[in-house]
>>> print(open('run_22.txt').read())   # compact mmCIF, C-alpha atoms and all ligand atoms
# COMPACT_ATOMS: atom_id res chain seq x y z
CA MET A 1 0.00 0.00 0.00
CA LYS A 2 1.20 3.45 -0.84
CA ARG A 3 1.34 5.82 2.07
CA SER A 4 0.28 8.71 -0.18
CA ILE A 5 -3.17 7.17 -0.65
CA LEU A 6 -3.68 6.04 2.97
CA PHE A 7 -6.47 8.32 4.22
CA THR A 8 -5.22 8.28 7.83
CA LYS A 9 -2.19 10.03 9.27
CA THR A 10 0.05 9.68 12.27
CA SER A 11 -0.44 12.41 14.85
CA LYS A 12 1.38 13.97 17.77
CA THR A 13 -1.68 14.33 19.97
CA THR A 14 -4.12 11.99 21.66
CA PRO A 15 -7.59 12.60 23.12
CA LYS A 16 -7.31 14.12 26.61
CA ASP A 17 -9.46 11.43 28.19
CA GLU A 18 -7.33 8.59 26.83
CA THR A 19 -5.00 7.49 29.61
CA SER A 20 -3.91 4.02 28.49
CA PHE A 21 -0.55 3.61 26.76
CA ASN A 22 -1.83 1.10 24.21
CA ALA A 23 -4.68 3.32 22.95
CA GLN A 24 -2.59 6.52 23.06
CA THR A 25 0.13 4.88 20.98
CA LEU A 26 -2.28 3.21 18.55
CA ILE A 27 -4.12 6.51 18.04
CA ARG A 28 -0.88 8.42 17.41
CA ALA A 29 0.33 5.76 14.99
CA GLY A 30 -2.97 5.77 13.08
CA PHE A 31 -4.20 2.26 13.95
CA ILE A 32 -7.38 3.18 15.81
CA ASP A 33 -9.65 6.16 16.43
CA LYS A 34 -11.45 6.81 19.69
CA VAL A 35 -15.22 7.22 19.58
CA GLY A 36 -15.97 7.03 23.32
CA ALA A 37 -14.80 5.26 26.49
CA GLY A 38 -14.07 1.69 25.46
CA ILE A 39 -15.28 2.31 21.87
CA TYR A 40 -12.82 2.48 18.99
CA THR A 41 -12.75 2.41 15.19
CA PHE A 42 -10.13 0.15 13.63
CA LEU A 43 -8.41 2.08 10.83
CA PRO A 44 -6.72 0.35 7.85
CA LEU A 45 -3.47 -0.36 9.74
CA GLY A 46 -5.26 -1.47 12.91
CA LEU A 47 -7.68 -3.69 11.03
CA LYS A 48 -4.80 -5.42 9.26
CA VAL A 49 -3.25 -6.35 12.60
CA LEU A 50 -6.61 -7.36 14.07
CA ASN A 51 -7.27 -9.62 11.07
CA LYS A 52 -3.85 -11.23 11.36
CA ILE A 53 -4.44 -12.00 15.02
CA SER A 54 -7.91 -13.36 14.21
CA ASN A 55 -6.59 -15.50 11.38
CA ILE A 56 -3.94 -17.13 13.55
CA ILE A 57 -6.68 -17.95 16.06
CA ARG A 58 -8.99 -19.17 13.27
CA GLU A 59 -6.34 -21.54 11.88
CA GLU A 60 -5.75 -23.12 15.26
CA MET A 61 -9.49 -23.42 15.97
CA ASN A 62 -10.00 -25.11 12.60
CA ALA A 63 -7.11 -27.45 13.44
CA VAL A 64 -9.00 -28.71 16.53
CA GLY A 65 -12.12 -29.28 14.45
CA GLY A 66 -13.96 -26.05 15.32
CA GLN A 67 -16.67 -25.17 12.80
CA GLU A 68 -16.95 -21.43 12.22
CA VAL A 69 -20.31 -19.69 12.43
CA LEU A 70 -21.43 -16.10 12.95
CA MET A 71 -24.11 -15.58 15.55
CA PRO A 72 -26.10 -12.35 15.94
CA ALA A 73 -25.05 -9.54 18.26
CA LEU A 74 -28.72 -8.73 18.88
CA THR A 75 -30.20 -11.37 21.17
CA PRO A 76 -33.73 -11.74 22.60
CA LYS A 77 -34.44 -11.40 26.32
CA SER A 78 -36.12 -14.84 26.47
CA VAL A 79 -32.87 -16.82 26.05
CA TRP A 80 -31.19 -14.85 28.84
CA GLU A 81 -34.19 -15.45 31.10
CA ALA A 82 -33.92 -19.19 30.46
CA THR A 83 -30.50 -19.22 32.11
CA ASP A 84 -31.32 -16.59 34.71
CA ARG A 85 -28.72 -14.23 33.33
CA TRP A 86 -31.05 -11.37 32.22
CA ALA A 87 -31.07 -10.23 35.83
CA ASN A 88 -27.65 -11.53 36.85
CA PHE A 89 -25.19 -10.59 34.09
CA ASP A 90 -24.15 -7.13 35.31
CA ALA A 91 -22.51 -5.89 32.15
CA LEU A 92 -25.36 -6.72 29.78
CA PHE A 93 -26.37 -3.86 27.44
CA LYS A 94 -30.17 -3.96 27.21
CA LEU A 95 -32.43 -2.28 24.70
CA THR A 96 -36.02 -2.28 23.48
CA GLY A 97 -36.99 -2.99 19.88
CA SER A 98 -39.75 -1.31 17.86
CA ASP A 99 -41.86 -4.41 18.65
CA SER A 100 -41.63 -3.34 22.32
CA LYS A 101 -39.70 -6.51 23.03
CA GLU A 102 -36.46 -6.38 24.99
CA TYR A 103 -33.06 -7.44 23.69
CA ALA A 104 -29.49 -7.66 24.88
CA LEU A 105 -26.37 -6.97 22.85
CA GLY A 106 -24.47 -10.26 23.00
CA ALA A 107 -21.88 -10.23 25.80
CA THR A 108 -21.16 -13.96 25.34
CA HIS A 109 -23.09 -16.58 23.36
CA GLU A 110 -23.91 -19.66 25.43
CA GLU A 111 -27.56 -18.57 25.29
CA ILE A 112 -27.53 -18.58 21.48
CA VAL A 113 -25.23 -21.49 20.73
CA THR A 114 -26.91 -23.98 23.07
CA PRO A 115 -30.38 -23.84 21.43
CA LEU A 116 -28.61 -23.75 18.05
CA ALA A 117 -26.70 -26.97 18.75
CA GLN A 118 -29.87 -28.52 20.13
CA ARG A 119 -31.67 -28.13 16.80
CA PHE A 120 -29.15 -30.37 15.06
CA CYS A 121 -28.13 -32.80 17.77
CA THR A 122 -30.42 -35.45 19.23
CA SER A 123 -28.35 -38.61 19.32
CA TYR A 124 -24.91 -39.76 20.49
CA LYS A 125 -24.21 -40.20 16.77
CA ASN A 126 -24.16 -36.40 16.39
CA LEU A 127 -21.54 -35.91 19.13
CA PRO A 128 -18.97 -34.54 19.79
CA PHE A 129 -18.69 -31.29 17.86
CA ALA A 130 -17.41 -27.76 18.41
CA VAL A 131 -18.63 -24.44 17.05
CA TYR A 132 -16.85 -21.09 17.15
CA GLN A 133 -17.11 -17.53 15.95
CA ILE A 134 -14.98 -14.41 15.86
CA GLN A 135 -17.47 -11.69 16.61
CA THR A 136 -18.14 -8.35 18.25
CA LYS A 137 -19.21 -8.50 21.88
CA PHE A 138 -20.73 -5.77 24.01
CA ARG A 139 -20.24 -5.31 27.73
CA ASN A 140 -21.14 -2.33 29.84
CA GLU A 141 -17.75 -2.41 31.56
CA LYS A 142 -17.49 -0.03 34.53
CA ARG A 143 -13.79 0.61 34.11
CA ALA A 144 -13.19 1.18 30.41
CA LYS A 145 -9.87 2.95 30.91
CA ALA A 146 -7.43 0.37 29.61
CA GLY A 147 -7.84 1.11 25.90
CA LEU A 148 -8.26 -2.03 23.82
CA ILE A 149 -7.63 -4.19 26.88
CA ARG A 150 -11.11 -3.41 28.22
CA GLY A 151 -13.51 -2.32 25.51
CA ARG A 152 -17.25 -1.84 25.85
CA GLU A 153 -17.38 -3.18 22.32
CA PHE A 154 -14.64 -5.68 21.50
CA LEU A 155 -13.80 -8.70 19.40
CA MET A 156 -13.96 -12.19 20.88
CA LYS A 157 -13.30 -15.64 19.56
CA ASP A 158 -15.67 -17.94 21.40
CA LEU A 159 -15.60 -21.70 20.90
CA TYR A 160 -18.21 -24.03 22.42
CA SER A 161 -17.90 -27.81 22.51
CA PHE A 162 -20.56 -30.50 23.06
CA HIS A 163 -19.86 -33.98 24.43
CA VAL A 164 -21.44 -37.27 25.48
CA SER A 165 -19.43 -37.45 28.71
CA GLN A 166 -17.12 -35.65 31.12
CA GLU A 167 -14.20 -37.82 29.86
CA ASP A 168 -14.81 -36.74 26.30
CA LEU A 169 -14.91 -33.08 27.37
CA ASP A 170 -11.72 -33.57 29.41
CA SER A 171 -9.78 -34.86 26.44
CA TYR A 172 -11.05 -32.15 24.08
CA TYR A 173 -10.27 -29.50 26.71
CA GLU A 174 -6.63 -30.63 26.70
CA LYS A 175 -6.53 -30.33 22.90
CA VAL A 176 -7.84 -26.77 23.01
CA LYS A 177 -5.33 -25.95 25.75
CA GLU A 178 -2.54 -27.04 23.39
CA ALA A 179 -4.09 -25.00 20.56
CA TYR A 180 -4.05 -21.94 22.84
CA PHE A 181 -0.33 -22.40 23.58
CA LYS A 182 0.30 -22.49 19.82
CA ILE A 183 -1.76 -19.35 19.28
CA TYR A 184 0.13 -17.29 21.89
CA SER A 185 3.43 -18.51 20.60
CA ARG A 186 2.52 -17.55 17.00
CA LEU A 187 1.39 -14.14 18.26
CA GLY A 188 4.84 -13.54 19.76
CA LEU A 189 3.51 -13.82 23.32
CA GLY A 190 4.52 -17.42 24.06
CA ASP A 191 7.29 -16.77 26.59
CA ILE A 192 5.31 -14.29 28.68
CA THR A 193 1.91 -15.96 28.65
CA HIS A 194 1.22 -18.30 31.55
CA ILE A 195 -1.51 -20.84 31.90
CA THR A 196 -3.17 -19.79 35.11
CA TYR A 197 -5.36 -21.76 37.49
CA ALA A 198 -8.56 -19.94 38.36
CA SER A 199 -11.68 -21.01 40.21
CA GLY A 200 -13.82 -23.42 38.24
CA GLY A 201 -17.47 -23.32 39.27
CA ALA A 202 -19.74 -26.27 39.92
CA PHE A 203 -18.35 -28.63 37.28
CA SER A 204 -14.59 -28.52 37.74
CA LYS A 205 -12.20 -27.55 40.47
CA TYR A 206 -10.34 -25.14 38.20
CA SER A 207 -10.78 -23.23 35.00
CA HIS A 208 -7.73 -21.97 33.15
CA GLU A 209 -6.86 -18.46 32.11
CA PHE A 210 -4.04 -17.47 29.81
CA GLN A 211 -2.33 -14.47 31.36
CA THR A 212 0.25 -12.28 29.61
CA VAL A 213 2.68 -10.56 31.94
CA THR A 214 2.78 -6.76 31.62
CA ASP A 215 2.63 -3.88 34.09
CA ALA A 216 -0.46 -2.69 32.23
CA GLY A 217 -2.33 -5.76 33.46
CA GLU A 218 -5.32 -5.46 35.79
CA ASP A 219 -4.84 -8.95 37.26
CA LEU A 220 -2.34 -10.29 39.77
CA ILE A 221 -1.01 -13.78 39.18
CA TYR A 222 1.47 -15.95 41.05
CA VAL A 223 3.91 -17.62 38.69
CA CYS A 224 5.69 -20.82 39.69
CA LYS A 225 9.43 -20.30 39.30
CA LYS A 226 9.92 -23.92 38.30
CA CYS A 227 7.20 -24.84 35.83
CA LYS A 228 5.88 -21.40 34.79
CA VAL A 229 2.29 -22.31 35.59
CA ALA A 230 0.48 -19.55 37.49
CA ILE A 231 -2.36 -19.16 39.98
CA ASN A 232 -4.91 -16.35 39.88
CA LYS A 233 -5.15 -14.03 42.90
CA GLU A 234 -8.69 -15.27 43.63
CA ILE A 235 -7.53 -18.82 44.28
CA ILE A 236 -4.14 -18.17 45.86
CA GLU A 237 -6.15 -18.00 49.13
CA GLU A 238 -6.88 -21.73 48.93
CA GLN A 239 -4.05 -22.93 46.75
CA LYS A 240 -0.71 -21.92 48.25
CA ASN A 241 1.48 -24.25 46.19
CA CYS A 242 1.88 -24.69 42.45
CA PRO A 243 -0.95 -27.04 41.39
CA GLU A 244 1.30 -28.51 38.70
CA CYS A 245 4.59 -29.30 40.48
CA GLY A 246 3.76 -28.59 44.13
CA CYS A 247 6.60 -26.13 44.67
CA ASN A 248 5.97 -23.02 46.75
CA GLU A 249 8.24 -20.55 45.02
CA LEU A 250 5.64 -18.29 43.49
CA GLU A 251 6.31 -14.84 42.10
CA GLU A 252 3.64 -12.14 42.01
CA LYS A 253 3.20 -10.48 38.61
CA ARG A 254 0.77 -8.12 36.88
CA ALA A 255 -0.89 -9.66 33.86
CA VAL A 256 -3.69 -9.33 31.28
CA GLU A 257 -6.11 -12.20 30.79
CA VAL A 258 -5.83 -12.86 27.05
CA GLY A 259 -7.97 -15.99 27.02
CA ASN A 260 -9.69 -18.58 29.14
CA ILE A 261 -11.09 -22.08 28.91
CA PHE A 262 -13.88 -23.44 31.03
CA LYS A 263 -15.63 -26.75 31.65
CA LEU A 264 -19.31 -25.82 31.70
CA GLY A 265 -20.71 -29.29 32.35
CA THR A 266 -24.51 -29.07 32.14
CA LYS A 267 -24.76 -25.44 33.25
CA PHE A 268 -26.29 -24.37 29.92
CA SER A 269 -27.60 -27.66 28.51
CA LYS A 270 -29.89 -28.18 31.56
CA PRO A 271 -31.85 -24.88 31.32
CA PHE A 272 -32.54 -25.53 27.63
CA ASN A 273 -33.34 -29.24 28.21
CA PHE A 274 -30.63 -30.10 25.73
CA ASN A 275 -29.90 -33.82 25.98
CA TYR A 276 -29.27 -36.79 23.68
CA LEU A 277 -30.23 -40.44 23.29
CA ASP A 278 -27.41 -42.86 24.02
CA LYS A 279 -26.80 -46.24 22.35
CA ASP A 280 -29.49 -47.86 24.52
CA GLY A 281 -32.04 -45.16 23.72
CA LYS A 282 -31.66 -43.60 27.18
CA THR A 283 -31.76 -39.81 27.64
CA GLN A 284 -28.42 -38.35 28.81
CA ASP A 285 -27.08 -34.90 29.65
CA ILE A 286 -25.02 -33.00 27.12
CA ILE A 287 -21.67 -31.88 28.59
CA MET A 288 -20.26 -28.55 27.37
CA GLY A 289 -17.03 -26.58 27.35
CA CYS A 290 -16.36 -22.95 26.36
CA TYR A 291 -13.14 -21.33 25.26
CA GLY A 292 -12.63 -17.56 24.82
CA ILE A 293 -9.91 -15.33 23.41
CA GLY A 294 -10.00 -11.56 22.85
CA PRO A 295 -8.25 -10.54 19.58
CA SER A 296 -8.69 -6.80 20.22
CA ARG A 297 -7.45 -7.15 23.81
CA ILE A 298 -4.46 -9.10 22.48
CA LEU A 299 -3.71 -6.27 20.04
CA GLY A 300 -3.62 -3.79 22.92
CA THR A 301 -1.56 -6.17 25.04
CA ILE A 302 1.05 -6.61 22.30
CA VAL A 303 1.48 -2.82 22.17
CA GLU A 304 1.92 -2.69 25.96
CA VAL A 305 4.60 -5.38 25.77
CA TYR A 306 6.48 -4.56 22.57
CA ASN A 307 7.42 -0.89 22.34
CA ASP A 308 10.16 1.63 22.95
CA GLN A 309 10.08 5.41 23.33
CA LYS A 310 9.75 5.76 19.54
CA GLY A 311 6.72 3.57 19.06
CA ILE A 312 5.45 0.03 18.50
CA ILE A 313 7.62 -3.01 17.66
CA TRP A 314 5.23 -5.59 16.16
CA PRO A 315 6.08 -9.29 16.33
CA LYS A 316 6.67 -10.51 12.79
CA ASP A 317 3.45 -12.41 12.17
CA VAL A 318 1.07 -9.68 13.30
CA ALA A 319 2.80 -6.59 11.86
CA PRO A 320 0.44 -4.62 9.58
CA PHE A 321 2.97 -5.04 6.74
CA ASN A 322 6.10 -7.21 6.42
CA ILE A 323 8.16 -4.35 5.08
CA HIS A 324 8.08 -0.58 5.41
CA LEU A 325 9.72 0.80 2.28
CA ILE A 326 10.94 4.38 2.49
CA SER A 327 12.05 6.52 -0.38
CA PHE A 328 14.02 9.69 0.04
CA LYS A 329 11.94 11.90 -2.21
CA GLN A 330 9.92 9.84 -4.60
CA ASN A 331 12.35 8.01 -6.84
CA GLU A 332 12.06 5.55 -9.68
CA GLU A 333 14.17 2.94 -7.98
CA ALA A 334 11.93 2.83 -4.90
CA GLU A 335 8.88 2.51 -7.15
CA LYS A 336 10.56 -0.39 -8.94
CA ILE A 337 11.47 -2.13 -5.68
CA TYR A 338 7.89 -1.68 -4.44
CA LYS A 339 6.52 -3.42 -7.53
CA GLU A 340 9.07 -6.24 -7.28
CA LEU A 341 8.27 -6.86 -3.62
CA ILE A 342 4.53 -6.89 -4.25
CA SER A 343 4.89 -9.41 -7.10
CA ALA A 344 7.08 -11.56 -4.86
CA GLY A 345 4.19 -11.69 -2.37
CA PHE A 346 5.46 -9.34 0.34
CA GLU A 347 3.10 -6.99 2.13
CA VAL A 348 4.64 -3.56 1.79
CA LEU A 349 3.83 -0.15 3.16
CA TYR A 350 5.58 2.22 0.75
CA ASP A 351 6.14 5.73 2.04
CA ASP A 352 6.18 7.48 -1.32
CA ARG A 353 5.15 10.90 -0.02
CA ASP A 354 6.78 13.86 -1.73
CA GLU A 355 5.98 16.35 0.98
CA ALA A 356 7.50 14.42 3.92
CA SER A 357 11.20 14.62 4.83
CA LEU A 358 13.32 11.50 5.34
CA GLY A 359 13.36 12.29 9.07
CA GLU A 360 9.58 12.40 9.24
CA LYS A 361 9.32 9.14 7.33
CA LEU A 362 11.78 7.41 9.63
CA ASN A 363 9.96 8.67 12.72
CA ASP A 364 6.67 7.42 11.31
CA ALA A 365 8.20 4.04 10.55
CA ASP A 366 9.41 3.79 14.15
CA LEU A 367 5.99 4.76 15.47
CA ILE A 368 4.07 2.37 13.19
CA GLY A 369 6.50 -0.43 13.98
CA CYS A 370 6.60 -2.78 10.98
CA THR A 371 9.21 -5.45 11.66
CA TYR A 372 11.49 -4.74 8.68
CA ARG A 373 12.42 -1.53 6.92
CA LEU A 374 14.07 -0.68 3.60
CA ILE A 375 15.47 2.75 2.82
CA VAL A 376 16.13 3.82 -0.74
CA SER A 377 18.04 7.12 -0.72
CA GLN A 378 19.67 8.69 -3.75
CA LYS A 379 23.05 7.73 -2.30
CA ASN A 380 21.96 4.10 -2.00
CA VAL A 381 20.71 4.13 -5.56
CA ASP A 382 24.06 5.47 -6.78
CA LEU A 383 25.89 2.74 -4.87
CA ASN A 384 23.50 0.03 -6.08
CA GLN A 385 22.42 -0.87 -2.58
CA VAL A 386 19.43 -0.72 -0.25
CA GLU A 387 19.52 -0.06 3.49
CA PHE A 388 17.82 -2.77 5.57
CA LYS A 389 16.89 -2.39 9.22
CA GLU A 390 14.92 -4.35 11.76
CA ARG A 391 12.63 -2.26 13.94
CA SER A 392 13.91 -3.99 17.07
CA LYS A 393 17.61 -3.42 16.30
CA ASP A 394 19.76 -0.30 16.35
CA ASN A 395 21.98 -1.05 13.41
CA SER A 396 21.11 -1.27 9.75
CA GLU A 397 22.93 -3.12 6.99
CA MET A 398 23.47 -2.50 3.30
CA ILE A 399 22.16 -5.11 0.90
CA LYS A 400 23.38 -5.27 -2.69
CA ARG A 401 20.50 -4.26 -4.93
CA SER A 402 20.89 -7.41 -7.03
CA ASP A 403 20.67 -9.61 -3.89
CA LEU A 404 17.69 -7.83 -2.37
CA LEU A 405 14.85 -10.18 -3.30
CA GLN A 406 16.76 -13.31 -2.40
CA PHE A 407 17.85 -11.79 0.91
CA LEU A 408 14.30 -10.81 1.83
CA LYS A 409 12.91 -14.19 0.82
CA GLU A 410 15.31 -15.88 3.18
CA TYR A 411 15.27 -13.38 6.00
CA VAL A 412 11.80 -11.92 6.12
CA SER A 413 9.39 -14.68 5.12
P1 LIG B 1 -12.10 -10.05 32.55
O1 LIG B 1 -12.05 -10.80 33.83
O2 LIG B 1 -10.79 -9.46 32.14
O3 LIG B 1 -13.22 -9.07 32.48
P2 LIG B 1 -13.68 -12.14 31.51
O4 LIG B 1 -13.38 -13.22 32.48
O5 LIG B 1 -14.92 -11.34 31.67
O6 LIG B 1 -12.43 -11.14 31.42
P3 LIG B 1 -14.55 -13.79 29.34
O7 LIG B 1 -15.94 -13.42 29.58
O8 LIG B 1 -14.16 -15.17 29.63
O9 LIG B 1 -13.59 -12.75 30.06
O10 LIG B 1 -14.16 -13.43 27.84
C1 LIG B 1 -13.24 -14.21 27.06
C2 LIG B 1 -12.08 -13.35 26.58
O11 LIG B 1 -12.57 -12.15 25.96
C3 LIG B 1 -11.17 -12.84 27.70
O12 LIG B 1 -10.21 -13.80 28.01
C4 LIG B 1 -10.56 -11.61 27.06
O13 LIG B 1 -9.46 -11.97 26.24
C5 LIG B 1 -11.68 -11.08 26.21
N1 LIG B 1 -12.40 -9.98 26.87
C6 LIG B 1 -13.29 -10.07 27.90
N2 LIG B 1 -13.76 -8.86 28.24
C7 LIG B 1 -13.17 -7.97 27.39
C8 LIG B 1 -13.26 -6.55 27.21
N3 LIG B 1 -14.07 -5.82 27.96
N4 LIG B 1 -12.51 -5.98 26.24
C9 LIG B 1 -11.70 -6.72 25.45
N5 LIG B 1 -11.57 -8.06 25.56
C10 LIG B 1 -12.29 -8.68 26.51
MG MG B 2 -15.18 -9.40 32.35
>>> encode(input="run_22.txt", output="structure tokens", more="lines below")
Ligand code: ATP
Ligand code: MG
Amino acid sequence: MKRSILFTKTSKTTPKDETSFNAQTLIRAGFIDKVGAGIYTFLPLGLKVLNKISNIIREEMNAVGGQEVLMPALTPKSVWEATDRWANFDALFKLTGSDSKEYALGATHEEIVTPLAQRFCTSYKNLPFAVYQIQTKFRNEKRAKAGLIRGREFLMKDLYSFHVSQEDLDSYYEKVKEAYFKIYSRLGLGDITHITYASGGAFSKYSHEFQTVTDAGEDLIYVCKKCKVAINKEIIEEQKNCPECGCNELEEKRAVEVGNIFKLGTKFSKPFNFNYLDKDGKTQDIIMGCYGIGPSRILGTIVEVYNDQKGIIWPKDVAPFNIHLISFKQNEEAEKIYKELISAGFEVLYDDRDEASLGEKLNDADLIGCTYRLIVSQKNVDLNQVEFKERSKDNSEMIKRSDLLQFLKEYVS
């Protein structure tokens, strides 16, 4: 994409009421725009990153057999009454339709997915299966001060699984746990994301959260020094030792909950009378699990973790573009390189602006934070070379013009 046609700009200012680092930085760098507390527009650069995060999640959900659907954000009151959550889900946004009926904006989708699954599943022959979506959720969060980490409108991937027995749920749960580890590692958060024991509810002793360590986090976790498993603050009261290895060397850290997985048991199948006929024709309970991840929260968390005083440093696989190409004044050689890179399949942000100085372009590149950068100055053109720099490193290197494509193919992709 050519920078000259991008309708957004970087800016030096941020809205006065925006106090979170992630949103301030993303606004300055032109990734998001603030509409209200906890409400943001994703601009072209921001949407690219959000889609990359979502696609990594989608691939791993497909790999564990998840079938993608898209459920409505507008949900009738009756389904929330069936589970007693119309009155008890604090953060539910409620509204009245022109038919005078009441609705909630979906804050989570057990109430929609359970009756949906019920329509297609009557026998053990239909089980197990898992359904997921990547969809906008609404929650009337009281503290919407953490930028993308706590939106009132935000993106969630929610997967729901349906089983004949607790054992079957248990084994699928372990598979999804592994898929989550892969996701965080592909997002560049593997080393700092801890599986965290949290309280479980009626159907299991524990649920598991995935917590990414950063000072911007709202949660406190206790990380085992030996096995890196963590315990949530809420359960540290009862569980003083690491539940995995038993050791008692736990370190307190601030963290953001970037996902969680939960054994629901019959909590939602019961209220909807969702059951199945087993091999002997006997009626049995459906056992459910649910598995959430917040792509927009992850985007904000990555910015909190990977930055320096100049701007964002995106991990490779979620950067808005592979390469930020910068020309000193618009020159033919840069234009040629841009075309070559695009045909070779690279995603390139080409700063072709005439009016901006090299200094401004370099500052913008630092702020926007694409992983790799190429600079084509007149001097480089004369010397038949291109300057290559990684956003995370201080030094740049000169690549022979004739070697450029081969070098990038090996190094960047
Ligand atoms: P928290 O305790 O932080 O409010 P939660 O326990 O309410 O999170 P879930 O309801 O399980 O979270 O939602 C699943 C995932 O959706 C979370 O792990 C998180 O990544 C994301 N998420 C939840 N609430 C928000 C929000 N307000 N803004 C952005 N992402 C969110
Ligand atoms: Mg919450």
>>> closest_residue(input="run_22.txt", among="A:Gly259, A:Gly246, A:Gly188, A:Pro320", to="ligand MG 2 (chain B)", atoms="all atoms listed in the file")
A:Gly259
>>> residues_around(input="run_22.txt", residues="stretch 94-98 of chain A", least_positions_apart="4", cutoff="10 Å", atoms="all atoms listed in the file", output="list in words")
Leu74, Thr75, Pro76, Lys77, Trp86, Glu102, Tyr103, Ala104, Leu105, Gly106 and Asn140 of chain A
>>> write_last_selection(input="run_22.txt", atoms="C-alpha atoms", output="PDB file, keeping the file's coordinate frame")
ATOM      1  CA  LEU A  74     -28.720  -8.730  18.880  1.00  0.00           C
ATOM      2  CA  THR A  75     -30.200 -11.370  21.170  1.00  0.00           C
ATOM      3  CA  PRO A  76     -33.730 -11.740  22.600  1.00  0.00           C
ATOM      4  CA  LYS A  77     -34.440 -11.400  26.320  1.00  0.00           C
ATOM      5  CA  TRP A  86     -31.050 -11.370  32.220  1.00  0.00           C
ATOM      6  CA  GLU A 102     -36.460  -6.380  24.990  1.00  0.00           C
ATOM      7  CA  TYR A 103     -33.060  -7.440  23.690  1.00  0.00           C
ATOM      8  CA  ALA A 104     -29.490  -7.660  24.880  1.00  0.00           C
ATOM      9  CA  LEU A 105     -26.370  -6.970  22.850  1.00  0.00           C
ATOM     10  CA  GLY A 106     -24.470 -10.260  23.000  1.00  0.00           C
ATOM     11  CA  ASN A 140     -21.140  -2.330  29.840  1.00  0.00           C
TER      12      ASN A 140
END
>>> closest_residue(input="run_22.txt", among="A:Tyr184, A:Phe346, A:Trp314, A:Tyr40", to="A:Glu390", atoms="only C-alpha atoms")
A:Trp314
>>> atom_distance(input="run_22.txt", atom1="atom CA of A:Glu332", atom2="atom CA of A:Asp351")
13.1 Å
>>> residues_around(input="run_22.txt", residues="A:Ala107", least_positions_apart="6", cutoff="9 Å", atoms="all atoms listed in the file", output="MDAnalysis selection string")
chainID A and resid 73 89 91:93 136:140
>>> residues_near_ligand(input="run_22.txt", ligand="ligand LIG 1 (chain B)", cutoff="7 Å", atoms="all atoms listed in the file", output="list in words")
Thr108, Arg139, Glu141, Leu148, Ile149, Arg150, Gly151, Arg152, Glu153, Phe154, Leu155, Met156, Glu257, Val258, Gly259, Asn260, Gly292, Ile293, Gly294, Pro295, Ser296, Arg297 and Ile298 of chain A
>>> residues_near_point(input="run_22.txt", point="(3.0, -0.9, 2.4)", cutoff="7 Å", atoms="all atoms listed in the file", output="list in words")
Met1, Lys2, Arg3, Phe321, Ile323, His324, Leu325, Glu347, Val348, Leu349 and Tyr350 of chain A
